[in-house]
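Coordinates from model-v1.txt are shown below (compact mmCIF, C-alpha atoms).
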# COMPACT_ATOMS: atom_id res chain seq x y z
CA MET U 1490 0.00 0.00 0.00
CA ASN U 1491 1.06 3.57 -0.59
CA ASP U 1492 0.59 6.33 1.99
CA ARG U 1493 -2.80 7.39 0.62
CA ASP U 1494 -4.07 3.81 0.68
CA GLN U 1495 -3.05 3.56 4.34
CA THR U 1496 -4.77 6.88 5.10
CA ILE U 1497 -8.01 5.52 3.61
CA ILE U 1498 -7.74 2.32 5.62
CA ASP U 1499 -6.96 4.27 8.81
CA LEU U 1500 -10.01 6.53 8.25
CA THR U 1501 -12.22 3.49 7.72
CA ASN U 1502 -10.98 1.92 10.93
CA ARG U 1503 -11.42 5.15 12.91
CA TYR U 1504 -14.96 5.89 11.74
CA ARG U 1505 -16.00 2.23 11.31
CA LEU U 1506 -17.02 3.06 7.75
CA GLY U 1507 -16.03 5.39 4.94
CA THR U 1508 -17.51 6.84 1.77
CA ASN U 1509 -15.98 8.07 -1.45
CA ALA U 1510 -17.07 11.60 -0.54
CA ALA U 1511 -15.31 11.43 2.83
CA TYR U 1512 -12.16 9.93 1.32
CA ARG U 1513 -12.12 12.65 -1.31
CA GLN U 1514 -12.36 15.35 1.34
CA LEU U 1515 -9.68 13.91 3.59
CA ALA U 1516 -7.23 12.11 1.32
CA PHE U 1517 -7.56 13.43 -2.26
CA ASP U 1518 -6.46 17.04 -2.44
CA GLY U 1519 -8.41 18.66 -5.29
CA GLN U 1520 -8.85 15.45 -7.27
CA SER U 1521 -12.03 14.30 -9.00
CA MET U 1522 -14.52 11.81 -7.61
CA ASN U 1523 -13.60 9.54 -10.49
CA ALA U 1524 -10.06 9.35 -9.13
CA VAL U 1525 -11.43 8.36 -5.72
CA THR U 1526 -13.69 5.62 -7.06
CA LYS U 1527 -10.84 4.06 -9.02
CA VAL U 1528 -8.74 3.83 -5.84
CA THR U 1529 -11.53 2.40 -3.68
CA ALA U 1530 -12.42 -0.14 -6.38
CA ARG U 1531 -8.79 -1.31 -6.36
CA LEU U 1532 -8.71 -1.51 -2.56
CA CYS U 1533 -11.85 -3.67 -2.66
CA ARG U 1534 -10.24 -5.99 -5.19
CA GLN U 1535 -7.18 -6.24 -2.94
CA GLY U 1536 -9.27 -7.19 0.09
CA LEU U 1537 -8.42 -3.98 1.92
CA LEU U 1538 -11.98 -2.56 1.78
CA SER U 1539 -15.44 -4.12 1.61
CA ARG U 1540 -18.27 -2.32 -0.22
CA TYR U 1541 -21.97 -2.16 0.71
CA PRO U 1542 -24.96 -0.02 -0.41
CA LEU U 1543 -25.64 3.17 1.56
CA VAL U 1544 -28.21 5.53 0.02
CA PRO U 1545 -28.44 4.72 -3.71
CA PRO U 1546 -26.40 5.35 -5.71
CA GLU U 1547 -23.85 5.85 -2.92
CA ASP U 1548 -21.99 3.00 -1.25
CA TYR U 1549 -20.08 2.78 1.99
CA PHE U 1550 -16.95 0.85 2.87
CA THR U 1551 -15.86 -1.17 5.86
CA LEU U 1552 -12.49 -2.76 6.50
CA GLY U 1553 -11.62 -5.59 4.16
CA PRO U 1554 -10.31 -8.98 5.35
CA ARG U 1555 -6.67 -7.94 4.88
CA SER U 1556 -7.00 -4.64 6.74
CA ALA U 1557 -9.01 -6.26 9.55
CA LYS U 1558 -6.05 -8.57 10.08
CA GLN U 1559 -3.71 -5.57 9.97
CA PHE U 1560 -5.57 -3.91 12.84
CA GLY U 1561 -6.14 -7.16 14.72
CA VAL U 1562 -9.90 -6.65 14.86
CA SER U 1563 -12.76 -9.10 14.53
CA PRO U 1564 -13.68 -10.30 11.02
CA LYS U 1565 -17.16 -8.95 11.80
CA ARG U 1566 -15.75 -5.48 11.10
CA THR U 1567 -15.71 -6.47 7.41
CA GLU U 1568 -19.45 -7.20 7.36
CA PRO U 1569 -22.34 -4.80 6.63
CA LEU U 1570 -23.25 -2.55 9.54
CA GLY U 1571 -26.49 -3.29 11.36
CA PRO U 1572 -29.67 -1.19 11.10
CA GLN U 1573 -28.71 0.98 14.08
CA ALA U 1574 -24.93 0.99 13.68
CA LEU U 1575 -25.11 2.26 10.07
CA PRO U 1576 -27.00 5.52 10.76
CA ILE U 1577 -24.99 6.12 13.93
CA ASP U 1578 -21.58 5.64 12.36
CA TYR U 1579 -22.51 7.48 9.16
CA ALA U 1580 -23.86 10.48 11.08
CA VAL U 1581 -20.72 10.61 13.24
CA LEU U 1582 -18.54 10.43 10.11
CA LEU U 1583 -20.32 13.42 8.55
CA TYR U 1584 -20.37 15.39 11.78
CA ALA U 1585 -16.71 14.88 12.60
CA THR U 1586 -15.23 15.29 9.13
CA HIS U 1587 -17.18 18.48 8.41
CA GLY U 1588 -16.62 20.03 11.82
CA GLY U 1589 -12.90 19.77 12.48
CA ARG U 1590 -13.36 16.93 14.95
CA THR U 1591 -11.89 13.46 15.30
CA ARG U 1592 -13.71 10.33 16.35
CA LEU U 1593 -11.68 8.56 19.00
CA ILE U 1594 -10.84 4.92 18.48
CA PRO U 1595 -11.23 2.76 21.64
CA ASP U 1596 -7.55 2.93 22.66
CA GLU U 1597 -7.53 6.74 22.32
CA LEU U 1598 -10.69 7.04 24.41
CA ARG U 1599 -9.23 4.83 27.14
CA GLN U 1600 -6.11 7.00 27.20
CA ALA U 1601 -8.10 10.25 27.23
CA ALA U 1602 -10.49 9.02 29.92
CA THR U 1603 -8.75 6.31 31.94
CA TRP U 1604 -11.45 6.69 34.59
CA MET U 1605 -14.32 5.77 32.25
CA PRO U 1606 -15.98 2.41 33.00
CA GLU U 1607 -15.66 -0.04 30.12
CA GLU U 1608 -19.42 -0.22 29.55
CA LEU U 1609 -19.46 3.53 28.80
CA THR U 1610 -16.70 3.43 26.18
CA HIS U 1611 -18.79 1.86 23.42
CA ALA U 1612 -20.75 5.01 22.56
CA PRO U 1613 -19.12 7.24 19.92
CA HIS U 1614 -16.87 9.97 21.30
CA CYS U 1615 -15.11 12.78 19.45
CA ARG U 1616 -12.42 15.28 20.37
CA THR U 1617 -12.58 18.84 19.12
CA SER U 1618 -9.58 20.81 17.88
CA THR U 1619 -9.52 22.56 21.27
CA GLY U 1620 -9.45 19.28 23.21
CA ILE U 1621 -13.07 19.10 24.35
CA LEU U 1622 -14.37 15.55 24.77
CA GLU U 1623 -17.73 14.99 23.08
CA LEU U 1624 -20.21 12.20 23.66
CA VAL U 1625 -22.37 11.78 20.56
CA ARG U 1626 -25.99 10.64 20.63
CA VAL U 1627 -27.60 10.03 17.21
CA ASP U 1628 -31.35 10.46 16.66
CA LEU U 1629 -32.61 7.17 15.20
CA GLY U 1630 -36.09 8.48 14.47
CA GLY U 1631 -37.70 8.56 17.90
CA SER U 1632 -39.80 11.41 19.26
CA PRO U 1633 -37.99 14.52 20.53
CA LEU U 1634 -38.86 13.48 24.11
CA HIS U 1635 -37.48 9.97 23.54
CA VAL U 1636 -34.20 11.33 22.14
CA ALA U 1637 -33.98 13.85 25.01
CA LYS U 1638 -34.47 11.12 27.63
CA LYS U 1639 -31.75 8.99 26.02
CA ALA U 1640 -29.35 11.95 26.01
CA ALA U 1641 -30.14 12.81 29.63
CA THR U 1642 -29.55 9.20 30.65
CA ASP U 1643 -26.19 9.24 28.88
CA CYS U 1644 -25.05 12.09 31.09
CA SER U 1645 -26.70 10.90 34.31
CA ARG U 1646 -24.84 7.58 34.15
CA ARG U 1647 -21.55 9.43 33.80
CA MET U 1648 -22.26 11.95 36.55
CA GLU U 1649 -21.63 9.16 39.05
CA VAL U 1650 -17.93 9.33 38.11
CA PRO U 1651 -16.04 12.18 39.87
CA GLU U 1652 -13.58 12.63 37.00
CA PHE U 1653 -16.46 13.13 34.60
CA ARG U 1654 -17.96 15.83 36.80
CA GLN U 1655 -14.58 17.56 36.77
CA LEU U 1656 -14.66 17.60 32.97
CA VAL U 1657 -18.13 19.14 33.06
CA ASP U 1658 -17.17 21.73 35.68
CA SER U 1659 -14.13 22.79 33.63
CA SER U 1660 -16.17 23.01 30.36
CA ARG U 1661 -14.08 20.25 28.77
CA PHE U 1662 -17.05 18.02 27.97
CA GLN U 1663 -19.91 18.46 25.53
CA LEU U 1664 -22.99 16.35 24.83
CA VAL U 1665 -23.76 16.27 21.11
CA VAL U 1666 -27.10 15.23 19.62
CA LEU U 1667 -27.21 14.63 15.87
CA THR U 1668 -30.63 14.89 14.29
CA THR U 1669 -32.24 15.57 10.92
CA THR U 1670 -33.70 19.09 10.86
CA SER U 1671 -33.45 22.39 12.69
CA SER U 1672 -37.08 22.08 13.81
CA LYS U 1673 -36.49 18.69 15.43
CA ALA U 1674 -33.27 19.96 16.99
CA ARG U 1675 -35.25 22.79 18.58
CA LEU U 1676 -37.81 20.35 19.98
CA ILE U 1677 -35.10 18.07 21.37
CA ARG U 1678 -33.39 21.03 23.05
CA GLN U 1679 -36.68 22.15 24.58
CA ALA U 1680 -37.34 18.63 25.87
CA ILE U 1681 -33.87 18.37 27.41
CA GLU U 1682 -34.09 21.77 29.04
CA SER U 1683 -37.46 20.86 30.57
CA MET U 1684 -35.97 17.90 32.42
CA GLN U 1685 -34.53 17.79 35.91
CA TRP U 1686 -30.99 16.91 34.97
CA GLU U 1687 -27.46 18.32 34.98
CA HIS U 1688 -28.00 21.66 33.20
CA ASP U 1689 -24.31 22.57 33.52
CA VAL U 1690 -23.47 20.08 30.79
CA ARG U 1691 -22.68 21.81 27.51
CA LEU U 1692 -25.18 20.78 24.84
CA HIS U 1693 -24.67 20.98 21.10
CA LEU U 1694 -27.22 19.91 18.47
CA ALA U 1695 -26.21 19.45 14.84
CA MET U 1696 -28.24 18.62 11.74
CA ILE U 1697 -27.41 15.72 9.44
CA PRO U 1698 -30.17 15.88 6.78
CA ARG U 1699 -29.11 12.63 5.07
CA LEU U 1700 -29.78 10.82 8.34
CA THR U 1701 -33.50 10.88 7.44
CA GLN U 1702 -33.03 8.28 4.71
CA LEU U 1703 -31.11 5.95 6.99
CA GLN U 1704 -33.70 6.34 9.75
CA LEU U 1705 -36.28 4.98 7.32
CA ARG U 1706 -34.07 1.98 6.63
CA SER U 1707 -33.61 1.28 10.34
CA ALA U 1708 -37.31 1.60 11.20
Could the structure of this file be written out as structure tokens, please?
Amino acid sequence: MNDRDQTIIDLTNRYRLGTNAAYRQLAFDGQSMNAVTKVTARLCRQGLLSRYPLVPPEDYFTLGPRSAKQFGVSPKRTEPLGPQALPIDYAVLLYATHGGRTRLIPDELRQAATWMPEELTHAPHCRTSTGILELVRVDLGGSPLHVAKKAATDCSRRMEVPEFRQLVDSSRFQLVVLTTTSSKARLIRQAIESMQWEHDVRLHLAMIPRLTQLQLRSA
């Protein structure tokens, strides 16, 4: 593999999936989409990527058998993502790569938050360019109240950990909710703010319009 091939594989491992559009943005400086598709087609032939349908005509990629071995991860990482994992991981990919953030792989999260119980490390986390730790909750199509309750529970479980409260108190933590439209984001915010929960937690809502199509698939 050349350096660009390795960058593509690393991105796919970090975000648990990749798309030609994301690869073009992050690894192909000023080149055409046709150039990207030729590279990803070759990587699929070489067993370094696996291809699956996303939102037609767009596909997404997971690790291929060879790259799964390279990272020492389960062969399941080469399979299609499940009906909940796909919208979650795709929304996080779009959010992070368009917002100057980085999704943390498990080892990075454990290093950044050594105090975090193992059962809390499976949710997606990002780090901003200024070092703020973000916990990301993705709207899978539930009501604004349902999404708000899930987000509040995410924080309440962590508030039991003193080190987490220190992050909150020092404004180094942010709860992120990814949803589909500005109107739903407003309703989710209103629902969260109406609850009796830790209001000192920084809250950020972001819109991922393409999430709507994946919500329909996961319903």
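Here the question is which of U:Gln1559, U:Ile1497, U:Met1648, U:Leu1667 gets nearest to Val1636 in chain U using all atoms listed in the file, and that residue is U:Leu1667.
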Restricting the calculation to all atoms listed in the file: of U:Ala1640, U:Met1696, U:Met1522, U:Leu1532, which residue gets closest to Gln1495 in chain U? U:Leu1532
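In this model, the gap between CA of Leu1656 in chain U and CA of Val1625 in chain U comes to 15.7 Å.
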For CA of Trp1604 in chain U and CA of Leu1622 in chain U, determine how far apart the two atoms are, in Å to one decimal place. 13.5 Å
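Using all atoms listed in the file, the smallest distance between any of U:Ile1681, U:Cys1615, U:Leu1634, U:Leu1624 and Glu1597 in chain U comes from U:Cys1615.
CA of Val1525 in chain U is found 20.0 Å from CA of Arg1555 in chain U.
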I'd like the contact shell of Gln1704 in chain U - 9 Å cut-off, only C-alpha atoms, skipping same-chain residues fewer than 5 positions apart - returned as a list in words. Pro1572, Gln1573, Pro1576, Asp1628, Leu1629 and Gly1630 of chain U
Return as AutoDock Vina command-line options the box centre and box size in Å, one decimal, for an axis-aligned box around all listed atoms of range 1652-1664 of chain U padded by 6 Å per side.
--center_x -18.3 --center_y 17.8 --center_z 30.9 --size_x 21.4 --size_y 22.4 --size_z 24.2
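Take the candidates U:Glu1649, U:Gly1589, U:Gln1520, U:Thr1529 and check each one against Thr1496 in chain U using all atoms listed in the file; the shortest distance goes to U:Thr1529.
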Using only C-alpha atoms, the residue out of U:Val1544, U:Ala1602, U:Ala1511, U:Ala1695 with shortest distance to Lys1673 in chain U is U:Ala1695
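Closest approach to Ala1601 in chain U from the set U:Ala1680, U:Ala1574, U:Ala1585, U:Ile1621 is made by U:Ile1621, with distances taken over only C-alpha atoms.
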Within 12 Å of (-27.0, 22.0, 31.5), only C-alpha atoms: residues as an MDAnalysis selection string? chainID U and resid 1640:1641 1644:1645 1657:1658 1660 1662:1664 1678:1679 1681:1693
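The shell of residues at most 12 Å from Pro1564 in chain U, with all atoms listed in the file counted and near chain neighbours (fewer than 6 positions) removed, consists of U:Ser1539, U:Thr1551, U:Leu1552, U:Gly1553, U:Pro1554, U:Arg1555, U:Ser1556, U:Ala1557, U:Lys1558.
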How would range 1560-1573 of chain U look written as a PDB file, in the first residue's frame with all heavy atoms?
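So selection.pdb came out as:
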ATOM      1  N   PHE U1560      -5.229  -4.577  11.591  1.00  0.00           N
ATOM      2  CA  PHE U1560      -5.567  -3.905  12.844  1.00  0.00           C
ATOM      3  C   PHE U1560      -5.842  -4.883  13.986  1.00  0.00           C
ATOM      4  O   PHE U1560      -6.028  -4.456  15.124  1.00  0.00           O
ATOM      5  CB  PHE U1560      -6.786  -3.006  12.647  1.00  0.00           C
ATOM      6  CG  PHE U1560      -6.506  -1.776  11.833  1.00  0.00           C
ATOM      7  CD1 PHE U1560      -7.018  -1.646  10.543  1.00  0.00           C
ATOM      8  CD2 PHE U1560      -5.727  -0.749  12.330  1.00  0.00           C
ATOM      9  CE1 PHE U1560      -6.756  -0.514   9.785  1.00  0.00           C
ATOM     10  CE2 PHE U1560      -5.462   0.387  11.583  1.00  0.00           C
ATOM     11  CZ  PHE U1560      -5.976   0.499  10.308  1.00  0.00           C
ATOM     12  N   GLY U1561      -5.882  -6.172  13.673  1.00  0.00           N
ATOM     13  CA  GLY U1561      -6.137  -7.161  14.717  1.00  0.00           C
ATOM     14  C   GLY U1561      -7.544  -7.093  15.273  1.00  0.00           C
ATOM     15  O   GLY U1561      -7.754  -7.322  16.464  1.00  0.00           O
ATOM     16  N   VAL U1562      -8.517  -6.760  14.408  1.00  0.00           N
ATOM     17  CA  VAL U1562      -9.899  -6.650  14.863  1.00  0.00           C
ATOM     18  C   VAL U1562     -10.704  -7.840  14.355  1.00  0.00           C
ATOM     19  O   VAL U1562     -10.264  -8.589  13.490  1.00  0.00           O
ATOM     20  CB  VAL U1562     -10.544  -5.328  14.389  1.00  0.00           C
ATOM     21  CG1 VAL U1562      -9.790  -4.140  14.969  1.00  0.00           C
ATOM     22  CG2 VAL U1562     -10.578  -5.241  12.866  1.00  0.00           C
ATOM     23  N   SER U1563     -11.906  -7.988  14.880  1.00  0.00           N
ATOM     24  CA  SER U1563     -12.761  -9.100  14.533  1.00  0.00           C
ATOM     25  C   SER U1563     -13.121  -9.070  13.049  1.00  0.00           C
ATOM     26  O   SER U1563     -13.355  -8.003  12.472  1.00  0.00           O
ATOM     27  CB  SER U1563     -14.044  -9.039  15.365  1.00  0.00           C
ATOM     28  OG  SER U1563     -15.007  -9.949  14.855  1.00  0.00           O
ATOM     29  N   PRO U1564     -13.212 -10.240  12.418  1.00  0.00           N
ATOM     30  CA  PRO U1564     -13.678 -10.299  11.022  1.00  0.00           C
ATOM     31  C   PRO U1564     -15.071  -9.700  10.841  1.00  0.00           C
ATOM     32  O   PRO U1564     -15.442  -9.332   9.718  1.00  0.00           O
ATOM     33  CB  PRO U1564     -13.682 -11.805  10.720  1.00  0.00           C
ATOM     34  CG  PRO U1564     -12.689 -12.396  11.674  1.00  0.00           C
ATOM     35  CD  PRO U1564     -12.788 -11.562  12.917  1.00  0.00           C
ATOM     36  N   LYS U1565     -15.841  -9.565  11.912  1.00  0.00           N
ATOM     37  CA  LYS U1565     -17.165  -8.949  11.804  1.00  0.00           C
ATOM     38  C   LYS U1565     -17.078  -7.499  11.334  1.00  0.00           C
ATOM     39  O   LYS U1565     -18.049  -6.957  10.797  1.00  0.00           O
ATOM     40  CB  LYS U1565     -17.897  -9.020  13.151  1.00  0.00           C
ATOM     41  CG  LYS U1565     -18.317 -10.426  13.540  1.00  0.00           C
ATOM     42  CD  LYS U1565     -19.140 -10.421  14.819  1.00  0.00           C
ATOM     43  CE  LYS U1565     -19.622 -11.830  15.151  1.00  0.00           C
ATOM     44  NZ  LYS U1565     -20.446 -11.842  16.389  1.00  0.00           N
ATOM     45  N   ARG U1566     -15.920  -6.873  11.549  1.00  0.00           N
ATOM     46  CA  ARG U1566     -15.745  -5.484  11.101  1.00  0.00           C
ATOM     47  C   ARG U1566     -15.745  -5.378   9.573  1.00  0.00           C
ATOM     48  O   ARG U1566     -15.793  -4.278   9.035  1.00  0.00           O
ATOM     49  CB  ARG U1566     -14.450  -4.907  11.670  1.00  0.00           C
ATOM     50  CG  ARG U1566     -14.461  -4.644  13.166  1.00  0.00           C
ATOM     51  CD  ARG U1566     -15.242  -3.388  13.519  1.00  0.00           C
ATOM     52  NE  ARG U1566     -14.674  -2.230  12.869  1.00  0.00           N
ATOM     53  CZ  ARG U1566     -13.636  -1.528  13.335  1.00  0.00           C
ATOM     54  NH1 ARG U1566     -13.058  -1.886  14.468  1.00  0.00           N
ATOM     55  NH2 ARG U1566     -13.189  -0.473  12.683  1.00  0.00           N
ATOM     56  N   THR U1567     -15.664  -6.488   8.875  1.00  0.00           N
ATOM     57  CA  THR U1567     -15.709  -6.470   7.406  1.00  0.00           C
ATOM     58  C   THR U1567     -17.128  -6.635   6.884  1.00  0.00           C
ATOM     59  O   THR U1567     -17.354  -6.533   5.675  1.00  0.00           O
ATOM     60  CB  THR U1567     -14.832  -7.594   6.820  1.00  0.00           C
ATOM     61  OG1 THR U1567     -15.453  -8.870   7.076  1.00  0.00           O
ATOM     62  CG2 THR U1567     -13.442  -7.593   7.427  1.00  0.00           C
ATOM     63  N   GLU U1568     -18.072  -6.908   7.774  1.00  0.00           N
ATOM     64  CA  GLU U1568     -19.447  -7.198   7.363  1.00  0.00           C
ATOM     65  C   GLU U1568     -20.278  -5.918   7.281  1.00  0.00           C
ATOM     66  O   GLU U1568     -19.866  -4.865   7.795  1.00  0.00           O
ATOM     67  CB  GLU U1568     -20.078  -8.174   8.358  1.00  0.00           C
ATOM     68  CG  GLU U1568     -19.366  -9.529   8.410  1.00  0.00           C
ATOM     69  CD  GLU U1568     -19.904 -10.419   9.512  1.00  0.00           C
ATOM     70  OE1 GLU U1568     -20.816  -9.970  10.266  1.00  0.00           O
ATOM     71  OE2 GLU U1568     -19.412 -11.560   9.629  1.00  0.00           O
ATOM     72  N   PRO U1569     -21.476  -5.984   6.656  1.00  0.00           N
ATOM     73  CA  PRO U1569     -22.343  -4.796   6.633  1.00  0.00           C
ATOM     74  C   PRO U1569     -22.708  -4.365   8.043  1.00  0.00           C
ATOM     75  O   PRO U1569     -22.859  -5.204   8.945  1.00  0.00           O
ATOM     76  CB  PRO U1569     -23.589  -5.280   5.873  1.00  0.00           C
ATOM     77  CG  PRO U1569     -23.177  -6.520   5.165  1.00  0.00           C
ATOM     78  CD  PRO U1569     -22.068  -7.136   5.951  1.00  0.00           C
ATOM     79  N   LEU U1570     -22.841  -3.061   8.244  1.00  0.00           N
ATOM     80  CA  LEU U1570     -23.251  -2.547   9.544  1.00  0.00           C
ATOM     81  C   LEU U1570     -24.735  -2.815   9.769  1.00  0.00           C
ATOM     82  O   LEU U1570     -25.526  -2.836   8.828  1.00  0.00           O
ATOM     83  CB  LEU U1570     -22.960  -1.050   9.625  1.00  0.00           C
ATOM     84  CG  LEU U1570     -21.482  -0.670   9.547  1.00  0.00           C
ATOM     85  CD1 LEU U1570     -21.329   0.834   9.446  1.00  0.00           C
ATOM     86  CD2 LEU U1570     -20.725  -1.195  10.748  1.00  0.00           C
ATOM     87  N   GLY U1571     -25.112  -2.998  11.020  1.00  0.00           N
ATOM     88  CA  GLY U1571     -26.488  -3.290  11.363  1.00  0.00           C
ATOM     89  C   GLY U1571     -27.387  -2.074  11.193  1.00  0.00           C
ATOM     90  O   GLY U1571     -26.922  -0.958  10.945  1.00  0.00           O
ATOM     91  N   PRO U1572     -28.705  -2.263  11.370  1.00  0.00           N
ATOM     92  CA  PRO U1572     -29.674  -1.191  11.101  1.00  0.00           C
ATOM     93  C   PRO U1572     -29.553   0.006  12.027  1.00  0.00           C
ATOM     94  O   PRO U1572     -30.017   1.092  11.682  1.00  0.00           O
ATOM     95  CB  PRO U1572     -31.032  -1.895  11.263  1.00  0.00           C
ATOM     96  CG  PRO U1572     -30.750  -3.108  12.082  1.00  0.00           C
ATOM     97  CD  PRO U1572     -29.367  -3.527  11.743  1.00  0.00           C
ATOM     98  N   GLN U1573     -28.959  -0.163  13.208  1.00  0.00           N
ATOM     99  CA  GLN U1573     -28.707   0.977  14.081  1.00  0.00           C
ATOM    100  C   GLN U1573     -27.284   1.490  13.939  1.00  0.00           C
ATOM    101  O   GLN U1573     -27.044   2.702  13.945  1.00  0.00           O
ATOM    102  CB  GLN U1573     -28.983   0.609  15.541  1.00  0.00           C
ATOM    103  CG  GLN U1573     -30.445   0.361  15.841  1.00  0.00           C
ATOM    104  CD  GLN U1573     -30.735   0.307  17.324  1.00  0.00           C
ATOM    105  OE1 GLN U1573     -29.831   0.305  18.163  1.00  0.00           O
ATOM    106  NE2 GLN U1573     -32.010   0.255  17.678  1.00  0.00           N
TER     107      GLN U1573
END
